[in-house]
>>> print(open('model_6.cif').read())   # mmCIF, C-alpha atoms
data_run
#
loop_
_atom_site.group_PDB
_atom_site.id
_atom_site.type_symbol
_atom_site.label_atom_id
_atom_site.label_comp_id
_atom_site.auth_asym_id
_atom_site.auth_seq_id
_atom_site.Cartn_x
_atom_site.Cartn_y
_atom_site.Cartn_z
ATOM 1 C CA ILE A 1 83.059 89.188 173.195
ATOM 2 C CA ILE A 2 79.617 90.769 173.062
ATOM 3 C CA MET A 3 79.039 92.534 169.766
ATOM 4 C CA ILE A 4 75.320 93.163 170.072
ATOM 5 C CA SER A 5 74.040 94.681 173.297
ATOM 6 C CA TYR A 6 70.434 94.801 174.433
ATOM 7 C CA LYS A 7 71.182 97.533 176.967
ATOM 8 C CA PRO A 8 68.989 100.024 175.064
ATOM 9 C CA LEU A 9 66.086 97.551 175.346
ATOM 10 C CA TRP A 10 66.329 97.437 179.129
ATOM 11 C CA GLU A 11 66.651 101.234 179.310
ATOM 12 C CA LEU A 12 63.589 101.686 177.076
ATOM 13 C CA MET A 13 61.581 99.202 179.111
ATOM 14 C CA ASP A 14 62.601 101.014 182.296
ATOM 15 C CA ALA A 15 61.539 104.350 180.792
ATOM 16 C CA LYS A 16 58.161 102.805 179.906
ATOM 17 C CA ASP A 17 57.827 101.209 183.364
ATOM 18 C CA MET A 18 57.763 97.723 181.830
ATOM 19 C CA THR A 19 59.034 94.528 183.372
ATOM 20 C CA THR A 20 59.977 91.283 181.673
ATOM 21 C CA TYR A 21 56.672 89.904 182.984
ATOM 22 C CA THR A 22 54.802 92.683 181.175
ATOM 23 C CA LEU A 23 56.844 92.090 178.043
ATOM 24 C CA ARG A 24 56.095 88.358 178.132
ATOM 25 C CA ASN A 25 52.357 89.008 178.468
ATOM 26 C CA MET A 26 52.296 91.657 175.747
ATOM 27 C CA GLY A 27 54.396 89.402 173.533
ATOM 28 C CA LYS A 28 51.996 86.455 173.558
ATOM 29 C CA GLU A 29 50.447 87.434 170.228
ATOM 30 C CA TYR A 30 53.976 87.560 168.784
ATOM 31 C CA CYS A 31 54.979 84.218 170.354
ATOM 32 C CA LEU A 32 57.562 85.901 172.572
ATOM 33 C CA SER A 33 58.308 83.190 175.113
ATOM 34 C CA GLY A 34 59.899 83.252 178.531
ATOM 35 C CA SER A 35 62.924 81.466 177.115
ATOM 36 C CA THR A 36 63.346 84.207 174.517
ATOM 37 C CA ILE A 37 63.247 86.834 177.268
ATOM 38 C CA ALA A 38 65.870 84.799 179.134
ATOM 39 C CA ARG A 39 68.065 84.791 176.016
ATOM 40 C CA LEU A 40 67.799 88.569 175.840
ATOM 41 C CA GLN A 41 68.683 88.877 179.520
ATOM 42 C CA ALA A 42 71.730 86.666 178.971
ATOM 43 C CA ALA A 43 72.784 88.797 175.961
ATOM 44 C CA GLU A 44 72.449 85.780 173.673
ATOM 45 C CA SER A 45 71.398 85.896 170.044
ATOM 46 C CA VAL A 46 67.725 86.066 169.103
ATOM 47 C CA SER A 47 65.976 85.894 165.758
ATOM 48 C CA THR A 48 65.036 88.844 163.617
ATOM 49 C CA ASN A 49 61.415 87.802 164.233
ATOM 50 C CA THR A 50 62.006 88.439 167.936
ATOM 51 C CA LEU A 51 63.536 91.837 167.229
ATOM 52 C CA ASP A 52 60.582 92.664 164.977
ATOM 53 C CA ALA A 53 58.143 91.635 167.727
ATOM 54 C CA LEU A 54 59.954 93.800 170.275
ATOM 55 C CA CYS A 55 59.751 96.805 167.956
ATOM 56 C CA HIS A 56 56.003 96.253 167.545
ATOM 57 C CA ILE A 57 55.376 95.734 171.252
ATOM 58 C CA LEU A 58 57.463 98.718 172.327
ATOM 59 C CA ASP A 59 56.473 100.888 169.352
ATOM 60 C CA CYS A 60 60.088 101.664 168.561
ATOM 61 C CA GLN A 61 62.868 101.253 166.023
ATOM 62 C CA LEU A 62 65.525 98.544 166.092
ATOM 63 C CA THR A 63 68.141 101.111 167.094
ATOM 64 C CA ASP A 64 66.058 101.804 170.214
ATOM 65 C CA ILE A 65 66.574 98.249 171.510
ATOM 66 C CA VAL A 66 69.977 97.057 170.294
ATOM 67 C CA ILE A 67 73.402 98.552 169.805
ATOM 68 C CA PHE A 68 76.352 97.200 167.873
ATOM 69 C CA ILE A 69 79.652 97.268 169.738
ATOM 70 C CA PRO A 70 82.641 96.671 167.456
ATOM 71 C CA ASP A 71 85.039 94.090 168.866
ATOM 72 C CA ASN A 72 87.977 96.479 168.535
ATOM 73 C CA ILE A 73 86.634 98.765 171.276
#
>>> encode(input="model_6.cif", output="structure tokens")
Amino acid sequence: IIMISYKPLWELMDAKDMTTYTLRNMGKEYCLSGSTIARLQAAESVSTNTLDALCHILDCQLTDIVIFIPDNI
């Protein structure tokens, strides 16, 4: 059961014409690795440091990149 979805992240990146390659390159100063991007793509958990880095890179709020989906839906 997926309770946290990164769908908003992918939609925001699409709206900004960004690819995972671009994100990886922009994330170097935040230590955002290829394996972290892969975890996001697989809808796996990531650290709050990663979420913070994404917000800085994309100039957005946390609610712009993740959504909570209650397990009773």
>>> resolve_selection(input="model_6.cif", expression="the PyMOL selection byres ((chain A and resi 58) around 9)", output="list of chain:residue names")
A:Leu12, A:Met13, A:Lys16, A:Leu23, A:Ala53, A:Leu54, A:Cys55, A:His56, A:Ile57, A:Asp59, A:Cys60, A:Gln61
>>> residues_around(input="model_6.cif", residues="range 35-50 of chain A", least_positions_apart="6", cutoff="9 Å", atoms="all atoms listed in the file", output="compact mmCIF listing (two decimals) with C-alpha atoms, in the frame of the given file")
# COMPACT_ATOMS: atom_id res chain seq x y z
CA ILE A 2 79.62 90.77 173.06
CA ILE A 4 75.32 93.16 170.07
CA SER A 5 74.04 94.68 173.30
CA TYR A 6 70.43 94.80 174.43
CA LYS A 7 71.18 97.53 176.97
CA TRP A 10 66.33 97.44 179.13
CA THR A 20 59.98 91.28 181.67
CA LEU A 23 56.84 92.09 178.04
CA ARG A 24 56.10 88.36 178.13
>>> axis_aligned_box(input="model_6.cif", around="range 54-64 of chain A", padding_each_side="4 Å", output="AutoDock Vina command-line options")
--center_x 61.8 --center_y 97.8 --center_z 169.2 --size_x 20.8 --size_y 16.0 --size_z 14.3
>>> atom_distance(input="model_6.cif", atom1="CA of Val66 in chain A", atom2="CA of Leu9 in chain A")
6.4 Å
>>> atom_distance(input="model_6.cif", atom1="CA of Leu51 in chain A", atom2="CA of Gly27 in chain A")
11.4 Å
>>> atom_distance(input="model_6.cif", atom1="CA of Asp71 in chain A", atom2="CA of Asp52 in chain A")
24.8 Å
